[in-house]
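Shown next, in structure tokens, is the structure this report addresses.
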Amino acid sequence: MLNRKDLLGTADLSKEEILSIIDLAEQYSNENIKNVNNTRILKNITQINLFFENSTRTQVSFEIAGTKLGTNIVNFPLKTSSQSKGETLLDLASTLNSMFPDILVIRHPKSGAVQLISEKVKCSVINAGDGNHEHPTQALLDAQTIRKRLGRISGLKIAICGDIAHSRVARSNIFCLKTLGNKIRVVGPKTLIPRGIESLGVEVAHNMFDGLQDIDVVMVLRLQKERMDGGFLSSEREYFHHYGLDEKKMQYANPNAIIMHPGPMNRGIEIDGDLADDINRSVITKQVEVGLAIRMAVLDLLTRGHPLRKKCQEQ
Ligand code: NCD
């Protein structure tokens with residue numbers, strides 16, 4: 001059970017809360033395959049998606065998740081809205097309050113912006129990624145994908161490789177996977193690993209040979225160039241040579257290790273294209289499929305006990 005108004009990150013989620021989300025997602029995942037009609041579950045609930053930053057899979061995934069549960073979805077048109085005319089986030093929050101949405105899904109380029117809005121609105125808020133801070137539904141879908149593929153989600157050794165410094169996916173995964181009882185190692189060049197990250201309880205390696213030893217899950221991250229202000233990399237070619245996941249480097253990991261990537265993927269920069277397509281080891285497309293079920297579970301759990309939902313169930 002999720003007894004909270006918002007889902008802003010994984011840092012403060014308990015093991016029980018994480019498992020309740022991925023257990024329900026497991027049910028939705030099975031029902032999606034069987035094409036079960038769940039459109040009455042969130043009938044009458046109004047969901048507004050506000051994406052202040054480009055997104056393909058996350059936004060579409062939240063839209064389909066809402067549609068499958070029957071929410072009324074509005075995509076806030078940010079390019080044409082008063083945001084582009086300089087409206088502050090707090091003014092936006094009060095505008096939204098006056099429209100009586102039941103749940104907001106927000107992505108924003110600034111860390112902390114989603115929390116700020118959540119404190120000012122009466123409805124539930126889901127963080128769909130804020131700056132380099134958190135992206136909780138990505139971490140939850142990664143945990144569920146690992147459980148589906150490896151049959152467990154604790155006692156594993158997981159390497160998160162690449163641009164840790166600019167990655168909200170890395171942070172949310174560290175919190176979530178550690179709470180579930182896994183060992184995490186971050187792997188990357190010194191310039192892309194924040195100083196002091198050991199304080200989060202992770203091991204650090206600066207080369208793939210040391211980084212992938214004994215590893216069950218290899219998570220590869222995109223170079224977040226849009227968040228870099230220069231000086232982090234010499235060249236992409238050199239980066240691929242040292243850190244790009246390819247067949248040779250994969251040999252350092254455990255023989256049954258799986259490969260993950262949150263997407264969008266840059267083939268030939270952080271990962272070799274053939275390896276990404278290797279269905280025996282790569283679970284990258286599975287992550288997208290599981291993402292839909294996780295978002296259905298989160299929308300569902302955050303609106304349990306909602307008066308409109310109760311009314312709908314009584315009908
Ligand atoms: C990630 C994000 O936006 O943080 N992508 C995603 O949500 N699927 C990772 C990325 O952009 O590299």
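Each chain in the structure tokens gets a letter, A, B, ..., in the order shown, and its residues are numbered from 1; ligands are numbered from 1 in order too.
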
Can you pull out the residues contacting range 66-69 of chain A? Cut-off 6 Å, using only C-alpha atoms, and skip same-chain residues under 6 positions away; I want them as a ChimeraX atom specification. /A:38-39,41-42

Ligand 1: which residues are within 7 Å, counting only C-alpha atoms and all ligand atoms, as number ranges by chain? A: 55, 57-58, 129, 135, 138, 167-169, 221-224, 262-264

Can you spit out the residues from that selection as a short mmCIF file (atom, residue, chain, number, x, y, z; two decimals), in the first residue's frame, using all heavy atoms?
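See selection-v5.cif below for the written result:
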```cif
data_model
loop_
_atom_site.label_atom_id
_atom_site.label_comp_id
_atom_site.auth_asym_id
_atom_site.auth_seq_id
_atom_site.Cartn_x
_atom_site.Cartn_y
_atom_site.Cartn_z
N SER A 55 10.65 14.35 -24.02
CA SER A 55 10.54 12.95 -23.57
C SER A 55 9.77 12.20 -24.64
O SER A 55 8.82 12.73 -25.21
CB SER A 55 9.75 12.92 -22.27
OG SER A 55 9.37 11.61 -21.98
N ARG A 57 9.65 8.12 -24.56
CA ARG A 57 9.08 6.93 -23.93
C ARG A 57 8.35 7.20 -22.63
O ARG A 57 7.29 6.64 -22.38
CB ARG A 57 10.10 5.81 -23.81
CG ARG A 57 11.16 5.99 -22.78
CD ARG A 57 12.37 5.23 -23.18
NE ARG A 57 13.00 5.88 -24.31
CZ ARG A 57 13.61 5.25 -25.30
NH1 ARG A 57 13.70 3.97 -25.30
NH2 ARG A 57 14.16 5.93 -26.26
N THR A 58 8.88 8.08 -21.79
CA THR A 58 8.24 8.29 -20.49
C THR A 58 6.87 8.95 -20.66
O THR A 58 5.88 8.51 -20.07
CB THR A 58 9.14 9.14 -19.56
OG1 THR A 58 10.43 8.53 -19.50
CG2 THR A 58 8.58 9.24 -18.17
N GLY A 129 10.89 12.78 -13.68
CA GLY A 129 12.29 13.14 -13.93
C GLY A 129 12.51 14.63 -13.69
O GLY A 129 11.90 15.44 -14.38
N HIS A 135 14.21 10.04 -10.80
CA HIS A 135 13.29 9.56 -11.84
C HIS A 135 12.75 8.23 -11.31
O HIS A 135 13.13 7.15 -11.77
CB HIS A 135 14.09 9.38 -13.13
CG HIS A 135 13.28 9.07 -14.35
ND1 HIS A 135 11.91 8.90 -14.33
CD2 HIS A 135 13.66 8.91 -15.65
CE1 HIS A 135 11.49 8.64 -15.56
NE2 HIS A 135 12.53 8.64 -16.38
N GLN A 138 11.40 5.13 -13.40
CA GLN A 138 12.43 4.40 -14.16
C GLN A 138 13.10 3.37 -13.25
O GLN A 138 13.31 2.22 -13.64
CB GLN A 138 13.47 5.37 -14.72
CG GLN A 138 14.58 4.71 -15.51
CD GLN A 138 14.12 4.08 -16.82
OE1 GLN A 138 13.35 4.70 -17.56
NE2 GLN A 138 14.57 2.88 -17.12
N SER A 167 22.95 11.93 -14.07
CA SER A 167 21.85 11.00 -14.27
C SER A 167 20.91 10.85 -13.07
O SER A 167 21.27 10.33 -12.03
CB SER A 167 22.41 9.62 -14.63
OG SER A 167 21.36 8.70 -14.73
N ARG A 168 19.67 11.26 -13.29
CA ARG A 168 18.62 11.04 -12.28
C ARG A 168 18.27 9.55 -12.20
O ARG A 168 17.83 9.04 -11.19
CB ARG A 168 17.38 11.86 -12.63
CG ARG A 168 16.91 11.67 -14.06
CD ARG A 168 16.01 12.80 -14.47
NE ARG A 168 15.60 12.72 -15.86
CZ ARG A 168 15.23 13.76 -16.57
NH1 ARG A 168 15.24 14.96 -16.05
NH2 ARG A 168 14.84 13.62 -17.82
N VAL A 169 18.47 8.85 -13.33
CA VAL A 169 18.19 7.40 -13.35
C VAL A 169 19.16 6.69 -12.40
O VAL A 169 18.77 5.80 -11.64
CB VAL A 169 18.32 6.84 -14.79
CG1 VAL A 169 18.17 5.33 -14.80
CG2 VAL A 169 17.30 7.49 -15.71
N LEU A 221 24.30 3.88 -19.05
CA LEU A 221 23.61 5.17 -19.12
C LEU A 221 24.09 5.98 -20.31
O LEU A 221 25.25 5.87 -20.72
CB LEU A 221 23.87 5.98 -17.84
CG LEU A 221 23.42 5.35 -16.53
CD1 LEU A 221 23.89 6.22 -15.38
CD2 LEU A 221 21.90 5.18 -16.50
N ARG A 222 23.20 6.82 -20.80
CA ARG A 222 23.52 7.73 -21.90
C ARG A 222 24.40 8.88 -21.38
O ARG A 222 24.27 9.30 -20.23
CB ARG A 222 22.20 8.31 -22.43
CG ARG A 222 22.28 9.21 -23.62
CD ARG A 222 20.87 9.61 -24.04
NE ARG A 222 20.20 10.41 -23.03
CZ ARG A 222 20.25 11.74 -22.95
NH1 ARG A 222 20.96 12.42 -23.83
NH2 ARG A 222 19.59 12.39 -22.01
N LEU A 223 25.27 9.37 -22.25
CA LEU A 223 26.01 10.59 -21.89
C LEU A 223 25.02 11.75 -21.99
O LEU A 223 24.49 12.02 -23.07
CB LEU A 223 27.15 10.83 -22.88
CG LEU A 223 28.34 9.88 -22.82
CD1 LEU A 223 29.31 10.18 -23.96
CD2 LEU A 223 29.05 9.97 -21.48
N GLN A 224 24.74 12.40 -20.87
CA GLN A 224 23.70 13.44 -20.86
C GLN A 224 24.31 14.78 -21.28
O GLN A 224 24.50 15.68 -20.45
CB GLN A 224 23.11 13.55 -19.46
CG GLN A 224 22.71 12.20 -18.86
CD GLN A 224 21.22 12.02 -18.74
OE1 GLN A 224 20.51 12.91 -18.31
NE2 GLN A 224 20.75 10.87 -19.14
N PRO A 262 18.19 2.73 -19.95
CA PRO A 262 16.87 3.37 -19.84
C PRO A 262 16.38 4.00 -21.14
O PRO A 262 15.20 4.32 -21.27
CB PRO A 262 17.11 4.48 -18.79
CG PRO A 262 18.57 4.78 -18.86
CD PRO A 262 19.24 3.49 -19.24
N GLY A 263 17.29 4.17 -22.12
CA GLY A 263 16.94 4.83 -23.37
C GLY A 263 16.79 6.33 -23.11
O GLY A 263 16.59 6.73 -21.97
N PRO A 264 16.90 7.14 -24.13
CA PRO A 264 17.31 6.79 -25.48
C PRO A 264 18.78 6.40 -25.53
O PRO A 264 19.59 6.92 -24.77
CB PRO A 264 17.05 8.08 -26.27
CG PRO A 264 17.11 9.18 -25.25
CD PRO A 264 16.70 8.59 -23.95
#
```

Would you please work out which residue, of A:Cys176, A:Ile160, A:Val204, A:Ala253, is nearest to Leu140 in chain A when using only C-alpha atoms? A:Cys176

Secondary structure check, strand (DSSP E or B) residues of range 49-289 of chain A, as a ChimeraX atom specification: /A:49-51,72-75,103-108,124-130,134,157-161,183-187,203-205,217-220,245,258-260,267,271,282

Proximity to Gly70 in chain A - best of A:Ile184, A:Ile45, A:Val121, A:Leu177, only C-alpha atoms: A:Ile45

Give me, as a Markdown table, each residue of range 207-306 of chain A that comes within 9 Å of range 17-29 of chain A, together with its shortest interatomic pair and the distance in Å at one decimal, counting only C-alpha atoms, with rows ordered by chain and rising residue number.
```
| residue | atom | partner | partner_atom | distance |
| --- | --- | --- | --- | --- |
| A:Glu289 | CA | A:Ser29 | CA | 8.0 |
| A:Val290 | CA | A:Ser29 | CA | 6.7 |
| A:Gly291 | CA | A:Ala25 | CA | 8.8 |
| A:Leu292 | CA | A:Ser29 | CA | 7.9 |
| A:Ala293 | CA | A:Ala25 | CA | 4.8 |
| A:Ile294 | CA | A:Ala25 | CA | 4.9 |
| A:Arg295 | CA | A:Ala25 | CA | 7.9 |
| A:Met296 | CA | A:Ala25 | CA | 7.0 |
| A:Ala297 | CA | A:Ala25 | CA | 5.1 |
| A:Val298 | CA | A:Ile21 | CA | 6.5 |
| A:Leu301 | CA | A:Ile21 | CA | 7.6 |
```

Deliver the residues from the most recent selection as a file, using N, CA, C and O atoms, as a PDB file, in the first residue's frame.
```pdb
ATOM      1  N   GLU A 289       8.365  -2.228 -21.892  1.00  0.00           N
ATOM      2  CA  GLU A 289       7.092  -2.924 -21.662  1.00  0.00           C
ATOM      3  C   GLU A 289       6.705  -2.869 -20.182  1.00  0.00           C
ATOM      4  O   GLU A 289       5.573  -2.553 -19.824  1.00  0.00           O
ATOM      5  N   VAL A 290       7.687  -3.143 -19.318  1.00  0.00           N
ATOM      6  CA  VAL A 290       7.445  -3.141 -17.879  1.00  0.00           C
ATOM      7  C   VAL A 290       7.125  -1.720 -17.394  1.00  0.00           C
ATOM      8  O   VAL A 290       6.328  -1.521 -16.474  1.00  0.00           O
ATOM      9  N   GLY A 291       7.705  -0.725 -18.063  1.00  0.00           N
ATOM     10  CA  GLY A 291       7.479   0.677 -17.689  1.00  0.00           C
ATOM     11  C   GLY A 291       6.003   1.040 -17.715  1.00  0.00           C
ATOM     12  O   GLY A 291       5.508   1.769 -16.848  1.00  0.00           O
ATOM     13  N   LEU A 292       5.295   0.518 -18.694  1.00  0.00           N
ATOM     14  CA  LEU A 292       3.860   0.794 -18.791  1.00  0.00           C
ATOM     15  C   LEU A 292       3.133   0.253 -17.550  1.00  0.00           C
ATOM     16  O   LEU A 292       2.327   0.959 -16.930  1.00  0.00           O
ATOM     17  N   ALA A 293       3.441  -0.967 -17.160  1.00  0.00           N
ATOM     18  CA  ALA A 293       2.781  -1.592 -16.003  1.00  0.00           C
ATOM     19  C   ALA A 293       3.125  -0.860 -14.709  1.00  0.00           C
ATOM     20  O   ALA A 293       2.271  -0.682 -13.828  1.00  0.00           O
ATOM     21  N   ILE A 294       4.387  -0.436 -14.587  1.00  0.00           N
ATOM     22  CA  ILE A 294       4.796   0.305 -13.377  1.00  0.00           C
ATOM     23  C   ILE A 294       4.019   1.611 -13.278  1.00  0.00           C
ATOM     24  O   ILE A 294       3.532   1.999 -12.217  1.00  0.00           O
ATOM     25  N   ARG A 295       3.861   2.298 -14.405  1.00  0.00           N
ATOM     26  CA  ARG A 295       3.141   3.590 -14.358  1.00  0.00           C
ATOM     27  C   ARG A 295       1.670   3.369 -14.062  1.00  0.00           C
ATOM     28  O   ARG A 295       1.042   4.165 -13.360  1.00  0.00           O
ATOM     29  N   MET A 296       1.098   2.270 -14.551  1.00  0.00           N
ATOM     30  CA  MET A 296      -0.303   1.953 -14.194  1.00  0.00           C
ATOM     31  C   MET A 296      -0.392   1.730 -12.686  1.00  0.00           C
ATOM     32  O   MET A 296      -1.296   2.240 -12.016  1.00  0.00           O
ATOM     33  N   ALA A 297       0.563   0.970 -12.141  1.00  0.00           N
ATOM     34  CA  ALA A 297       0.539   0.660 -10.700  1.00  0.00           C
ATOM     35  C   ALA A 297       0.659   1.932  -9.859  1.00  0.00           C
ATOM     36  O   ALA A 297      -0.049   2.105  -8.865  1.00  0.00           O
ATOM     37  N   VAL A 298       1.531   2.840 -10.277  1.00  0.00           N
ATOM     38  CA  VAL A 298       1.741   4.071  -9.491  1.00  0.00           C
ATOM     39  C   VAL A 298       0.502   4.969  -9.570  1.00  0.00           C
ATOM     40  O   VAL A 298       0.034   5.500  -8.551  1.00  0.00           O
ATOM     41  N   LEU A 301      -2.094   3.229  -7.292  1.00  0.00           N
ATOM     42  CA  LEU A 301      -1.847   3.267  -5.840  1.00  0.00           C
ATOM     43  C   LEU A 301      -1.960   4.682  -5.268  1.00  0.00           C
ATOM     44  O   LEU A 301      -2.391   4.863  -4.135  1.00  0.00           O
TER      45      LEU A 301
END
```

Identify, with DSSP run on backbone atoms, the residues in range 14-127 of chain A assigned to alpha helix (DSSP H), and express the list as a VMD selection string. chain A and resid 15 to 33 57 to 69 89 to 97 113 to 120

Next, dump the selected residues to file, keeping only N, CA and C atoms, as a compact mmCIF listing (two decimals), in the first residue's frame.
```
# COMPACT_ATOMS: atom_id res chain seq x y z
N LYS A 15 11.10 -0.57 1.64
CA LYS A 15 11.12 -1.82 0.87
C LYS A 15 9.68 -2.30 0.61
N GLU A 16 8.82 -2.18 1.62
CA GLU A 16 7.43 -2.63 1.48
C GLU A 16 6.71 -1.82 0.40
N GLU A 17 6.96 -0.51 0.40
CA GLU A 17 6.30 0.33 -0.62
C GLU A 17 6.78 -0.05 -2.02
N ILE A 18 8.09 -0.24 -2.16
CA ILE A 18 8.62 -0.60 -3.49
C ILE A 18 8.01 -1.93 -3.94
N LEU A 19 7.97 -2.89 -3.02
CA LEU A 19 7.44 -4.21 -3.42
C LEU A 19 5.95 -4.14 -3.71
N SER A 20 5.21 -3.27 -3.00
CA SER A 20 3.78 -3.18 -3.28
C SER A 20 3.57 -2.61 -4.69
N ILE A 21 4.43 -1.69 -5.12
CA ILE A 21 4.29 -1.13 -6.48
C ILE A 21 4.65 -2.20 -7.52
N ILE A 22 5.78 -2.90 -7.30
CA ILE A 22 6.16 -3.85 -8.36
C ILE A 22 5.27 -5.10 -8.35
N ASP A 23 4.69 -5.44 -7.21
CA ASP A 23 3.74 -6.56 -7.22
C ASP A 23 2.49 -6.22 -8.02
N LEU A 24 1.97 -5.00 -7.80
CA LEU A 24 0.77 -4.61 -8.57
C LEU A 24 1.13 -4.49 -10.06
N ALA A 25 2.33 -3.96 -10.34
CA ALA A 25 2.76 -3.84 -11.74
C ALA A 25 2.83 -5.23 -12.39
N GLU A 26 3.23 -6.21 -11.63
CA GLU A 26 3.31 -7.58 -12.16
C GLU A 26 1.91 -8.03 -12.61
N GLN A 27 0.92 -7.71 -11.77
CA GLN A 27 -0.46 -8.06 -12.13
C GLN A 27 -0.87 -7.33 -13.42
N TYR A 28 -0.60 -6.01 -13.48
CA TYR A 28 -0.97 -5.26 -14.69
C TYR A 28 -0.20 -5.75 -15.91
N SER A 29 1.05 -6.13 -15.70
CA SER A 29 1.85 -6.61 -16.80
C SER A 29 1.20 -7.87 -17.41
N ASN A 30 0.75 -8.78 -16.54
CA ASN A 30 0.09 -9.99 -17.03
C ASN A 30 -1.23 -9.66 -17.70
N GLU A 31 -1.98 -8.72 -17.11
CA GLU A 31 -3.27 -8.36 -17.68
C GLU A 31 -3.11 -7.64 -19.02
N ASN A 32 -2.05 -6.83 -19.15
CA ASN A 32 -1.82 -6.15 -20.44
C ASN A 32 -1.60 -7.16 -21.56
N ILE A 33 -0.85 -8.23 -21.23
CA ILE A 33 -0.58 -9.25 -22.25
C ILE A 33 -1.89 -9.91 -22.68
N ARG A 57 9.65 8.12 -24.56
CA ARG A 57 9.08 6.93 -23.93
C ARG A 57 8.35 7.20 -22.63
N THR A 58 8.88 8.08 -21.79
CA THR A 58 8.24 8.29 -20.49
C THR A 58 6.87 8.95 -20.66
N GLN A 59 6.80 9.96 -21.50
CA GLN A 59 5.52 10.64 -21.66
C GLN A 59 4.47 9.72 -22.29
N VAL A 60 4.87 9.02 -23.34
CA VAL A 60 3.92 8.12 -24.01
C VAL A 60 3.51 7.00 -23.05
N SER A 61 4.46 6.50 -22.28
CA SER A 61 4.17 5.43 -21.33
C SER A 61 3.13 5.90 -20.29
N PHE A 62 3.29 7.11 -19.77
CA PHE A 62 2.30 7.64 -18.81
C PHE A 62 0.94 7.85 -19.48
N GLU A 63 0.97 8.26 -20.75
CA GLU A 63 -0.30 8.47 -21.46
C GLU A 63 -1.03 7.16 -21.66
N ILE A 64 -0.31 6.15 -22.09
CA ILE A 64 -0.96 4.85 -22.33
C ILE A 64 -1.39 4.24 -20.99
N ALA A 65 -0.57 4.41 -19.95
CA ALA A 65 -0.93 3.86 -18.63
C ALA A 65 -2.24 4.47 -18.16
N GLY A 66 -2.37 5.79 -18.30
CA GLY A 66 -3.61 6.46 -17.90
C GLY A 66 -4.77 5.97 -18.75
N THR A 67 -4.56 5.88 -20.05
CA THR A 67 -5.63 5.43 -20.96
C THR A 67 -6.10 4.03 -20.58
N LYS A 68 -5.17 3.15 -20.27
CA LYS A 68 -5.54 1.76 -19.94
C LYS A 68 -6.36 1.68 -18.66
N LEU A 69 -6.16 2.67 -17.76
CA LEU A 69 -6.94 2.67 -16.51
C LEU A 69 -8.15 3.60 -16.60
N LEU A 89 6.64 29.02 -11.52
CA LEU A 89 6.10 27.70 -11.19
C LEU A 89 4.99 27.81 -10.16
N LEU A 90 5.12 28.76 -9.24
CA LEU A 90 4.11 28.89 -8.19
C LEU A 90 2.80 29.41 -8.76
N ASP A 91 2.88 30.33 -9.73
CA ASP A 91 1.65 30.79 -10.39
C ASP A 91 1.01 29.64 -11.16
N LEU A 92 1.87 28.84 -11.78
CA LEU A 92 1.35 27.69 -12.54
C LEU A 92 0.62 26.74 -11.58
N ALA A 93 1.23 26.53 -10.41
CA ALA A 93 0.62 25.62 -9.44
C ALA A 93 -0.75 26.14 -9.02
N SER A 94 -0.88 27.45 -8.82
CA SER A 94 -2.19 27.93 -8.38
C SER A 94 -3.20 27.86 -9.53
N THR A 95 -2.72 28.04 -10.78
CA THR A 95 -3.61 27.87 -11.93
C THR A 95 -4.10 26.43 -11.99
N LEU A 96 -3.18 25.50 -11.79
CA LEU A 96 -3.56 24.09 -11.86
C LEU A 96 -4.56 23.74 -10.76
N ASN A 97 -4.34 24.26 -9.56
CA ASN A 97 -5.27 24.00 -8.45
C ASN A 97 -6.70 24.39 -8.82
N ALA A 113 12.22 21.10 -8.84
CA ALA A 113 11.05 21.85 -9.34
C ALA A 113 9.75 21.06 -9.13
N VAL A 114 9.83 19.73 -9.29
CA VAL A 114 8.61 18.93 -9.16
C VAL A 114 8.12 18.94 -7.70
N GLN A 115 9.07 18.85 -6.79
CA GLN A 115 8.70 18.91 -5.37
C GLN A 115 8.05 20.26 -5.03
N LEU A 116 8.64 21.33 -5.58
CA LEU A 116 8.10 22.67 -5.32
C LEU A 116 6.63 22.73 -5.75
N ILE A 117 6.33 22.24 -6.93
CA ILE A 117 4.93 22.26 -7.41
C ILE A 117 4.08 21.38 -6.50
N SER A 118 4.62 20.21 -6.13
CA SER A 118 3.81 19.27 -5.32
C SER A 118 3.41 19.88 -3.98
N GLU A 119 4.26 20.77 -3.46
CA GLU A 119 3.94 21.39 -2.16
C GLU A 119 2.82 22.42 -2.29
N LYS A 120 2.59 22.88 -3.51
CA LYS A 120 1.59 23.95 -3.70
C LYS A 120 0.27 23.45 -4.28
```

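Residues in contact with His108 in chain A at up to 6 Å, not including ones fewer than 3 positions away on its chain and judged by only C-alpha atoms, are Phe52, Glu53 and Asp130 of chain A.
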
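Nearest to Ile106 in chain A of all the residues A:Asp210, A:Asp6, A:Glu198, A:Asp277 is A:Asp6, based on only C-alpha atoms.
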
Nearest to Leu104 in chain A among A:Ser235, A:Asn75, A:Asn256, A:Ser14, with distances taken over only C-alpha atoms: which residue is it? A:Asn75
